[in-house]
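> The file below is structure-v2.pdb, PDB, C-alpha atoms, pLDDT in the B column:
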MODEL        1
ATOM      1  CA  MET A   4       0.000   0.000   0.000  1.00 49.00           C
ATOM      2  CA  GLU A   5       2.808   2.430   0.875  1.00 49.00           C
ATOM      3  CA  ALA A   6       4.461   1.798  -2.491  1.00 50.00           C
ATOM      4  CA  CYS A   7       1.207   2.465  -4.299  1.00 50.00           C
ATOM      5  CA  ALA A   8       0.667   5.679  -2.351  1.00 49.00           C
ATOM      6  CA  ALA A   9       4.168   6.896  -3.151  1.00 49.00           C
ATOM      7  CA  ALA A  10       3.774   6.362  -6.875  1.00 49.00           C
ATOM      8  CA  PRO A  11       1.392   9.305  -7.504  1.00 48.00           C
ATOM      9  CA  VAL A  12       3.708  11.517  -5.448  1.00 46.00           C
ATOM     10  CA  MET A  13       6.698  10.510  -7.595  1.00 46.00           C
ATOM     11  CA  ILE A  14       4.721  11.170 -10.770  1.00 42.00           C
ATOM     12  CA  LEU A  15       3.743  14.616  -9.465  1.00 41.00           C
ATOM     13  CA  VAL A  16       7.383  15.429  -8.665  1.00 42.00           C
ATOM     14  CA  MET A  17       8.446  14.402 -12.173  1.00 42.00           C
ATOM     15  CA  ILE A  18       5.727  16.563 -13.743  1.00 41.00           C
ATOM     16  CA  LEU A  19       6.781  19.573 -11.673  1.00 42.00           C
ATOM     17  CA  ALA A  20      10.429  19.024 -12.557  1.00 43.00           C
ATOM     18  CA  GLY A  21       9.495  18.861 -16.216  1.00 43.00           C
ATOM     19  CA  SER A  22       7.604  22.115 -15.871  1.00 43.00           C
ATOM     20  CA  VAL A  23      10.685  23.823 -14.401  1.00 43.00           C
ATOM     21  CA  VAL A  24      12.884  22.608 -17.252  1.00 44.00           C
ATOM     22  CA  GLY A  25      10.276  23.755 -19.732  1.00 42.00           C
ATOM     23  CA  CYS A  26      10.191  27.236 -18.207  1.00 45.00           C
ATOM     24  CA  GLY A  27      13.988  27.471 -18.378  1.00 45.00           C
ATOM     25  CA  SER A  28      14.041  26.542 -22.026  1.00 42.00           C
ATOM     26  CA  THR A  29      11.438  29.155 -22.957  1.00 39.00           C
ATOM     27  CA  ARG A  30      13.639  31.837 -21.472  1.00 57.00           C
ATOM     28  CA  LEU A  31      16.204  30.999 -24.133  1.00 78.00           C
ATOM     29  CA  ASN A  32      13.849  31.240 -27.070  1.00 89.00           C
ATOM     30  CA  TYR A  33      16.260  33.689 -28.689  1.00 94.00           C
ATOM     31  CA  ASP A  34      18.298  33.505 -31.882  1.00 95.00           C
ATOM     32  CA  TYR A  35      21.789  34.356 -30.615  1.00 96.00           C
ATOM     33  CA  SER A  36      23.255  33.851 -34.091  1.00 94.00           C
ATOM     34  CA  LYS A  37      21.711  37.205 -35.074  1.00 93.00           C
ATOM     35  CA  GLU A  38      24.088  39.051 -32.753  1.00 95.00           C
ATOM     36  CA  PRO A  39      27.271  40.357 -34.402  1.00 92.00           C
ATOM     37  CA  ASP A  40      30.747  38.964 -33.831  1.00 94.00           C
ATOM     38  CA  PRO A  41      33.146  41.803 -34.702  1.00 92.00           C
ATOM     39  CA  ARG A  42      36.294  39.930 -33.667  1.00 88.00           C
ATOM     40  CA  ALA A  43      37.176  38.992 -37.243  1.00 85.00           C
ATOM     41  CA  GLN A  44      37.188  42.653 -38.273  1.00 86.00           C
ATOM     42  CA  GLU A  45      39.441  45.554 -37.439  1.00 87.00           C
ATOM     43  CA  PHE A  46      38.546  47.406 -34.282  1.00 87.00           C
ATOM     44  CA  PRO A  47      36.582  50.620 -34.956  1.00 90.00           C
ATOM     45  CA  ILE A  48      38.403  53.462 -33.206  1.00 94.00           C
ATOM     46  CA  GLY A  49      36.442  55.775 -30.939  1.00 93.00           C
ATOM     47  CA  PRO A  50      36.882  58.960 -28.867  1.00 94.00           C
ATOM     48  CA  GLY A  51      39.401  58.490 -26.078  1.00 93.00           C
ATOM     49  CA  ASP A  52      41.370  55.783 -27.868  1.00 95.00           C
ATOM     50  CA  ARG A  53      45.082  56.404 -28.374  1.00 95.00           C
ATOM     51  CA  VAL A  54      46.781  55.778 -31.719  1.00 95.00           C
ATOM     52  CA  GLN A  55      50.393  55.905 -32.811  1.00 95.00           C
ATOM     53  CA  VAL A  56      51.144  57.116 -36.322  1.00 95.00           C
ATOM     54  CA  ASN A  57      54.564  56.054 -37.588  1.00 94.00           C
ATOM     55  CA  VAL A  58      56.047  57.534 -40.762  1.00 91.00           C
ATOM     56  CA  TRP A  59      58.946  55.529 -42.194  1.00 88.00           C
ATOM     57  CA  ARG A  60      62.326  57.151 -41.489  1.00 82.00           C
ATOM     58  CA  ASP A  61      60.736  60.399 -40.309  1.00 84.00           C
ATOM     59  CA  GLU A  62      60.566  60.805 -36.560  1.00 84.00           C
ATOM     60  CA  GLU A  63      59.300  64.380 -36.846  1.00 84.00           C
ATOM     61  CA  LEU A  64      56.108  63.167 -38.519  1.00 86.00           C
ATOM     62  CA  THR A  65      55.658  60.233 -36.192  1.00 89.00           C
ATOM     63  CA  THR A  66      53.074  61.104 -33.554  1.00 92.00           C
ATOM     64  CA  ASP A  67      51.128  59.653 -30.661  1.00 94.00           C
ATOM     65  CA  ALA A  68      47.598  61.019 -30.355  1.00 94.00           C
ATOM     66  CA  ARG A  69      44.440  60.459 -28.360  1.00 96.00           C
ATOM     67  CA  VAL A  70      41.213  60.694 -30.340  1.00 97.00           C
ATOM     68  CA  ARG A  71      39.489  63.898 -29.292  1.00 96.00           C
ATOM     69  CA  PRO A  72      35.789  64.141 -28.327  1.00 96.00           C
ATOM     70  CA  ASP A  73      35.118  65.493 -31.836  1.00 96.00           C
ATOM     71  CA  GLY A  74      36.486  62.211 -33.220  1.00 96.00           C
ATOM     72  CA  ALA A  75      39.623  63.662 -34.824  1.00 97.00           C
ATOM     73  CA  ILE A  76      43.389  63.476 -34.377  1.00 97.00           C
ATOM     74  CA  THR A  77      46.026  65.918 -35.587  1.00 95.00           C
ATOM     75  CA  VAL A  78      48.924  64.669 -37.702  1.00 94.00           C
ATOM     76  CA  PRO A  79      51.954  66.861 -38.599  1.00 91.00           C
ATOM     77  CA  LEU A  80      51.787  68.234 -42.184  1.00 89.00           C
ATOM     78  CA  VAL A  81      48.432  66.521 -42.760  1.00 92.00           C
ATOM     79  CA  GLY A  82      46.349  68.331 -40.140  1.00 94.00           C
ATOM     80  CA  ASP A  83      43.139  66.939 -38.659  1.00 96.00           C
ATOM     81  CA  ILE A  84      42.056  63.436 -39.618  1.00 95.00           C
ATOM     82  CA  ARG A  85      38.727  61.904 -38.674  1.00 96.00           C
ATOM     83  CA  ALA A  86      39.470  58.797 -36.602  1.00 96.00           C
ATOM     84  CA  ALA A  87      36.289  57.896 -34.722  1.00 95.00           C
ATOM     85  CA  GLY A  88      34.287  55.172 -36.414  1.00 92.00           C
ATOM     86  CA  ARG A  89      37.178  54.200 -38.670  1.00 95.00           C
ATOM     87  CA  THR A  90      39.799  51.464 -38.521  1.00 94.00           C
ATOM     88  CA  ALA A  91      43.568  51.863 -38.244  1.00 94.00           C
ATOM     89  CA  SER A  92      43.923  50.771 -41.891  1.00 95.00           C
ATOM     90  CA  GLN A  93      41.497  53.433 -43.116  1.00 96.00           C
ATOM     91  CA  ILE A  94      43.307  56.150 -41.168  1.00 96.00           C
ATOM     92  CA  ARG A  95      46.683  54.915 -42.445  1.00 95.00           C
ATOM     93  CA  ASP A  96      45.521  55.039 -46.061  1.00 95.00           C
ATOM     94  CA  GLU A  97      44.262  58.623 -45.760  1.00 95.00           C
ATOM     95  CA  ILE A  98      47.415  59.871 -44.041  1.00 94.00           C
ATOM     96  CA  GLN A  99      49.621  58.098 -46.550  1.00 92.00           C
ATOM     97  CA  SER A 100      47.677  59.578 -49.458  1.00 92.00           C
ATOM     98  CA  LYS A 101      47.864  63.131 -48.094  1.00 92.00           C
ATOM     99  CA  LEU A 102      51.578  62.867 -47.316  1.00 90.00           C
ATOM    100  CA  THR A 103      52.326  62.316 -51.006  1.00 88.00           C
ATOM    101  CA  ALA A 104      51.709  66.052 -51.466  1.00 86.00           C
ATOM    102  CA  PHE A 105      54.855  66.681 -49.404  1.00 84.00           C
ATOM    103  CA  MET A 106      57.083  63.693 -50.189  1.00 82.00           C
ATOM    104  CA  LYS A 107      57.586  60.950 -52.720  1.00 76.00           C
ATOM    105  CA  SER A 108      55.017  58.168 -52.535  1.00 70.00           C
ATOM    106  CA  GLU A 109      57.715  55.533 -52.042  1.00 72.00           C
ATOM    107  CA  THR A 110      58.872  57.269 -48.844  1.00 73.00           C
ATOM    108  CA  ALA A 111      55.387  58.048 -47.503  1.00 78.00           C
ATOM    109  CA  LYS A 112      55.101  54.722 -45.736  1.00 89.00           C
ATOM    110  CA  VAL A 113      52.744  54.924 -42.773  1.00 93.00           C
ATOM    111  CA  THR A 114      51.629  52.538 -40.060  1.00 94.00           C
ATOM    112  CA  VAL A 115      48.875  53.240 -37.543  1.00 95.00           C
ATOM    113  CA  ILE A 116      48.641  51.252 -34.315  1.00 93.00           C
ATOM    114  CA  VAL A 117      45.917  51.436 -31.671  1.00 91.00           C
ATOM    115  CA  THR A 118      47.906  51.544 -28.428  1.00 90.00           C
ATOM    116  CA  GLU A 119      45.115  52.205 -25.923  1.00 88.00           C
ATOM    117  CA  VAL A 120      41.405  51.425 -26.122  1.00 87.00           C
ATOM    118  CA  TYR A 121      38.970  53.586 -24.182  1.00 90.00           C
ATOM    119  CA  SER A 122      35.852  53.549 -26.358  1.00 92.00           C
ATOM    120  CA  TYR A 123      35.116  49.845 -25.812  1.00 93.00           C
ATOM    121  CA  TYR A 124      33.322  49.416 -22.511  1.00 94.00           C
ATOM    122  CA  TYR A 125      30.484  47.488 -20.910  1.00 97.00           C
ATOM    123  CA  THR A 126      28.649  47.652 -17.585  1.00 98.00           C
ATOM    124  CA  VAL A 127      27.853  44.851 -15.150  1.00 98.00           C
ATOM    125  CA  SER A 128      24.966  45.741 -12.817  1.00 97.00           C
ATOM    126  CA  GLY A 129      23.281  43.943  -9.936  1.00 97.00           C
ATOM    127  CA  ASN A 130      24.337  40.804  -8.116  1.00 97.00           C
ATOM    128  CA  ALA A 131      27.849  40.295  -9.457  1.00 97.00           C
ATOM    129  CA  GLU A 132      30.827  40.128  -7.141  1.00 97.00           C
ATOM    130  CA  ARG A 133      32.376  43.230  -8.728  1.00 97.00           C
ATOM    131  CA  PRO A 134      29.725  45.269 -10.577  1.00 97.00           C
ATOM    132  CA  GLY A 135      30.961  48.294 -12.465  1.00 97.00           C
ATOM    133  CA  VAL A 136      32.131  49.669 -15.803  1.00 96.00           C
ATOM    134  CA  TYR A 137      34.841  47.677 -17.577  1.00 96.00           C
ATOM    135  CA  ARG A 138      37.100  48.782 -20.416  1.00 91.00           C
ATOM    136  CA  PRO A 139      39.030  45.760 -21.712  1.00 88.00           C
ATOM    137  CA  THR A 140      41.614  46.195 -24.451  1.00 82.00           C
ATOM    138  CA  SER A 141      39.905  43.694 -26.757  1.00 85.00           C
ATOM    139  CA  TYR A 142      36.466  42.209 -27.351  1.00 92.00           C
ATOM    140  CA  VAL A 143      35.203  39.815 -24.677  1.00 95.00           C
ATOM    141  CA  THR A 144      32.412  37.228 -24.603  1.00 97.00           C
ATOM    142  CA  VAL A 145      29.698  36.796 -21.973  1.00 98.00           C
ATOM    143  CA  LEU A 146      31.778  34.210 -20.094  1.00 97.00           C
ATOM    144  CA  GLU A 147      34.869  36.419 -20.161  1.00 97.00           C
ATOM    145  CA  ALA A 148      32.933  39.526 -19.117  1.00 97.00           C
ATOM    146  CA  MET A 149      31.369  37.755 -16.151  1.00 96.00           C
ATOM    147  CA  THR A 150      34.695  36.236 -15.116  1.00 95.00           C
ATOM    148  CA  ILE A 151      36.226  39.717 -15.076  1.00 96.00           C
ATOM    149  CA  ALA A 152      33.305  40.918 -12.935  1.00 96.00           C
ATOM    150  CA  GLY A 153      33.836  38.095 -10.447  1.00 95.00           C
ATOM    151  CA  GLU A 154      30.858  35.893 -11.427  1.00 94.00           C
ATOM    152  CA  PRO A 155      27.306  36.186 -10.012  1.00 96.00           C
ATOM    153  CA  ASN A 156      27.260  36.359  -6.215  1.00 96.00           C
ATOM    154  CA  ARG A 157      25.294  34.045  -3.907  1.00 95.00           C
ATOM    155  CA  TYR A 158      22.202  36.247  -4.090  1.00 96.00           C
ATOM    156  CA  ALA A 159      22.037  36.222  -7.889  1.00 96.00           C
ATOM    157  CA  ASP A 160      19.379  34.628 -10.032  1.00 96.00           C
ATOM    158  CA  SER A 161      22.026  33.613 -12.521  1.00 94.00           C
ATOM    159  CA  ASP A 162      19.673  31.800 -14.890  1.00 94.00           C
ATOM    160  CA  SER A 163      17.851  35.097 -15.600  1.00 95.00           C
ATOM    161  CA  ILE A 164      20.682  37.437 -16.624  1.00 97.00           C
ATOM    162  CA  LYS A 165      19.880  39.937 -19.358  1.00 97.00           C
ATOM    163  CA  ILE A 166      22.049  41.976 -21.687  1.00 98.00           C
ATOM    164  CA  LEU A 167      20.584  45.363 -22.551  1.00 98.00           C
ATOM    165  CA  ARG A 168      21.790  46.405 -26.003  1.00 97.00           C
ATOM    166  CA  ARG A 169      20.982  49.182 -28.452  1.00 92.00           C
ATOM    167  CA  ASP A 170      20.527  48.040 -32.019  1.00 86.00           C
ATOM    168  CA  ALA A 171      21.503  50.025 -35.120  1.00 79.00           C
ATOM    169  CA  SER A 172      18.243  52.002 -34.963  1.00 86.00           C
ATOM    170  CA  GLY A 173      18.790  52.918 -31.316  1.00 86.00           C
ATOM    171  CA  ALA A 174      16.043  50.629 -30.017  1.00 92.00           C
ATOM    172  CA  LEU A 175      16.750  48.832 -26.747  1.00 95.00           C
ATOM    173  CA  LYS A 176      16.576  45.056 -26.735  1.00 95.00           C
ATOM    174  CA  LYS A 177      16.948  42.482 -23.976  1.00 96.00           C
ATOM    175  CA  ILE A 178      19.051  39.393 -24.617  1.00 97.00           C
ATOM    176  CA  PRO A 179      18.339  36.564 -22.130  1.00 97.00           C
ATOM    177  CA  ILE A 180      21.295  34.653 -20.680  1.00 97.00           C
ATOM    178  CA  ASN A 181      20.996  31.482 -18.576  1.00 97.00           C
ATOM    179  CA  TYR A 182      24.430  31.680 -17.015  1.00 97.00           C
ATOM    180  CA  ASP A 183      24.004  28.416 -15.126  1.00 95.00           C
ATOM    181  CA  LEU A 184      23.726  26.538 -18.427  1.00 96.00           C
ATOM    182  CA  LEU A 185      26.485  28.550 -20.040  1.00 95.00           C
ATOM    183  CA  ARG A 186      28.906  27.969 -17.184  1.00 94.00           C
ATOM    184  CA  LYS A 187      28.292  24.210 -17.458  1.00 94.00           C
ATOM    185  CA  GLY A 188      29.132  24.289 -21.163  1.00 94.00           C
ATOM    186  CA  ASP A 189      25.513  23.939 -22.290  1.00 92.00           C
ATOM    187  CA  ARG A 190      23.879  26.323 -24.754  1.00 94.00           C
ATOM    188  CA  MET A 191      27.208  27.825 -25.757  1.00 96.00           C
ATOM    189  CA  ASP A 192      25.348  29.799 -28.423  1.00 96.00           C
ATOM    190  CA  GLN A 193      24.647  32.252 -25.576  1.00 97.00           C
ATOM    191  CA  ASN A 194      28.346  33.109 -25.331  1.00 98.00           C
ATOM    192  CA  ILE A 195      28.024  36.094 -27.640  1.00 97.00           C
ATOM    193  CA  VAL A 196      30.498  38.944 -27.954  1.00 97.00           C
ATOM    194  CA  ILE A 197      29.876  41.921 -25.687  1.00 97.00           C
ATOM    195  CA  LEU A 198      29.501  45.099 -27.748  1.00 95.00           C
ATOM    196  CA  PRO A 199      30.410  48.659 -26.717  1.00 93.00           C
ATOM    197  CA  GLY A 200      27.814  50.088 -24.341  1.00 94.00           C
ATOM    198  CA  ASP A 201      26.234  46.751 -23.373  1.00 97.00           C
ATOM    199  CA  ASN A 202      24.755  46.517 -19.888  1.00 98.00           C
ATOM    200  CA  ILE A 203      24.811  43.062 -18.297  1.00 98.00           C
ATOM    201  CA  ILE A 204      22.155  42.918 -15.586  1.00 98.00           C
ATOM    202  CA  VAL A 205      22.495  40.179 -12.961  1.00 98.00           C
ATOM    203  CA  PRO A 206      19.226  40.015 -10.967  1.00 97.00           C
TER
ENDMDL
END
Can you dump the structure from the file as structure tokens?

Amino acid sequence: MEACAAAPVMILVMILAGSVVGCGSTRLNYDYSKEPDPRAQEFPIGPGDRVQVNVWRDEELTTDARVRPDGAITVPLVGDIRAAGRTASQIRDEIQSKLTAFMKSETAKVTVIVTEVYSYYYTVSGNAERPGVYRPTSYVTVLEAMTIAGEPNRYADSDSIKILRRDASGALKKIPINYDLLRKGDRMDQNIVILPGDNIIVP
């Protein structure tokens, strides 16, 4: 009799467990493949970033500059060059082209290196061990960003993390992250690249 009485209880427990799993899966009804992965492209320079412009065999033209709030840098002989929103290669090509007005093209060899990144940042808010604003020197993923922030703390609801992100039109969207699954190596499609200005909210 006791075994028979326990059976309905076990069935009820299994149904409830299935309901919990089902709820967790619906939270991840999101196409993460739509989110961009800019790591294969050159880094777009922004205000506050520092760049070094090297002109071959000409130390007087070689300069180290921080991108101003107006998005420009000043290069000797060339003058102001728009840097924000462009890559190091694009800036190099413009400087090299303009220098040919003052020197032979074969000697106007230019390299541009991003030496300090300030424009790439993200925020971790809520129940992380070290919430705050982070400015890494290269793109990071969700796992890397949360590791830097010290992981969710003991009060966190880590299966309900959200990334607040502005799309190209400026609209705000919420990207759900079940960090418990991600940390275990499940649903690795969630491990998207954190974009400039993202806010990771840990409830």
> Can you report as JSON the centre and edge lengths in Å, to one decimal, of an axis-aligned box around the listed atoms of range 147-155 of chain A padded with 3 Å on each side?

{"center_x": 31.8, "center_y": 38.4, "center_z": -15.1, "size_x": 14.9, "size_y": 11.0, "size_z": 16.1}
> Could you jot down the CA of Pro39 in chain A to CA of Thr90 in chain A separation for me, Å, one decimal place?
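Distance reported for this atom pair: 17.2 Å.
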> Taking the point (43.7, 64.1, -38.5) as given in the file, collect each protein or nucleic acid residue that comes within 10 Å of it, counting all atoms listed in the file, and present the set as a PyMOL selection string.
chain A and resi 68+70+74-86+94+97-98
> When you look at Ile116 in chain A with a cut-off of 9 Å (counting all atoms listed in the file), what residues show up, excluding the ones that are within fewer than 5 positions of it in the same chain? I need them as a PyMOL selection string.
chain A and resi 53-57+91-92
> For Arg133 in chain A, which residue out of A:Pro47, A:Pro155, A:Gly88, A:Pro199 is the nearest one, using all atoms listed in the file?
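Nearest candidate to Arg133 in chain A out of A:Pro47, A:Pro155, A:Gly88, A:Pro199: A:Pro155.
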> I'd like the neighbourhood of Ile195 in chain A as a list in words, where a residue qualifies if any of its atoms comes within 10 Å (using all atoms listed in the file), though same-chain residues fewer than 6 positions away should be ignored.
Tyr35, Ser36, Lys37, Glu38, Pro39, Asp40, Val143, Thr144, Val145, Leu146 and Ile180 of chain A
> How would you write, as a count of residues only, the residues chosen by the PyMOL selection byres ((chain A and resi 142) around 12) on this structure?
31
> Could you check the closest approach to Arg69 in chain A for each of A:Gln99, A:Lys112, A:Tyr121, A:Tyr33 and tell me which residue wins, using all atoms listed in the file?
A:Tyr121
> For Thr110 in chain A, which residue out of A:Ile178, A:Leu64, A:Val58, A:Leu167 is the nearest one, using all atoms listed in the file?
A:Val58
> For range 127-156 of chain A, supply N, CA and C atoms and format the output as a compact mmCIF listing (two decimals), in the coordinates of the input.

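Done, and the output landed in result.txt:
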# COMPACT_ATOMS: atom_id res chain seq x y z
N VAL A 127 28.46 45.98 -15.85
CA VAL A 127 27.85 44.85 -15.15
C VAL A 127 27.11 45.42 -13.94
N SER A 128 25.80 45.19 -13.88
CA SER A 128 24.97 45.74 -12.82
C SER A 128 24.31 44.61 -12.01
N GLY A 129 24.03 44.89 -10.75
CA GLY A 129 23.28 43.94 -9.94
C GLY A 129 24.15 43.02 -9.11
N ASN A 130 23.74 41.77 -9.03
CA ASN A 130 24.34 40.80 -8.12
C ASN A 130 25.55 40.08 -8.70
N ALA A 131 26.54 40.85 -9.11
CA ALA A 131 27.85 40.30 -9.46
C ALA A 131 28.80 40.64 -8.32
N GLU A 132 29.87 39.87 -8.22
CA GLU A 132 30.83 40.13 -7.14
C GLU A 132 31.46 41.51 -7.27
N ARG A 133 31.74 41.93 -8.52
CA ARG A 133 32.38 43.23 -8.73
C ARG A 133 31.64 43.99 -9.84
N PRO A 134 30.44 44.50 -9.55
CA PRO A 134 29.72 45.27 -10.58
C PRO A 134 30.48 46.55 -10.90
N GLY A 135 30.29 47.05 -12.09
CA GLY A 135 30.96 48.29 -12.46
C GLY A 135 31.10 48.41 -13.97
N VAL A 136 31.85 49.42 -14.39
CA VAL A 136 32.13 49.67 -15.80
C VAL A 136 33.51 49.10 -16.12
N TYR A 137 33.59 48.32 -17.19
CA TYR A 137 34.84 47.68 -17.58
C TYR A 137 35.25 48.13 -18.98
N ARG A 138 36.54 48.33 -19.14
CA ARG A 138 37.10 48.78 -20.42
C ARG A 138 38.26 47.86 -20.81
N PRO A 139 37.95 46.67 -21.29
CA PRO A 139 39.03 45.76 -21.71
C PRO A 139 39.69 46.27 -22.99
N THR A 140 40.86 45.74 -23.28
CA THR A 140 41.61 46.20 -24.45
C THR A 140 41.24 45.43 -25.72
N SER A 141 40.37 44.44 -25.59
CA SER A 141 39.90 43.69 -26.76
C SER A 141 38.50 43.17 -26.48
N TYR A 142 37.83 42.72 -27.52
CA TYR A 142 36.47 42.21 -27.35
C TYR A 142 36.45 41.02 -26.39
N VAL A 143 35.38 40.94 -25.58
CA VAL A 143 35.20 39.82 -24.68
C VAL A 143 33.83 39.19 -24.92
N THR A 144 33.69 37.92 -24.51
CA THR A 144 32.41 37.23 -24.60
C THR A 144 31.68 37.33 -23.26
N VAL A 145 30.47 36.78 -23.22
CA VAL A 145 29.70 36.80 -21.97
C VAL A 145 30.47 36.12 -20.85
N LEU A 146 31.02 34.93 -21.12
CA LEU A 146 31.78 34.21 -20.09
C LEU A 146 32.97 35.02 -19.61
N GLU A 147 33.69 35.63 -20.54
CA GLU A 147 34.87 36.42 -20.16
C GLU A 147 34.47 37.66 -19.37
N ALA A 148 33.39 38.31 -19.80
CA ALA A 148 32.93 39.53 -19.12
C ALA A 148 32.52 39.22 -17.68
N MET A 149 31.82 38.11 -17.49
CA MET A 149 31.37 37.76 -16.15
C MET A 149 32.52 37.28 -15.28
N THR A 150 33.51 36.64 -15.88
CA THR A 150 34.70 36.24 -15.12
C THR A 150 35.44 37.47 -14.61
N ILE A 151 35.57 38.47 -15.47
CA ILE A 151 36.23 39.72 -15.08
C ILE A 151 35.47 40.38 -13.93
N ALA A 152 34.14 40.29 -13.97
CA ALA A 152 33.30 40.92 -12.94
C ALA A 152 33.16 40.04 -11.70
N GLY A 153 33.84 38.91 -11.65
CA GLY A 153 33.84 38.10 -10.45
C GLY A 153 32.69 37.12 -10.33
N GLU A 154 31.96 36.85 -11.43
CA GLU A 154 30.86 35.89 -11.43
C GLU A 154 29.66 36.41 -10.62
N PRO A 155 28.47 35.84 -10.84
CA PRO A 155 27.31 36.19 -10.01
C PRO A 155 27.56 35.83 -8.54
N ASN A 156 27.07 36.66 -7.63
CA ASN A 156 27.26 36.36 -6.22
C ASN A 156 26.18 35.39 -5.73
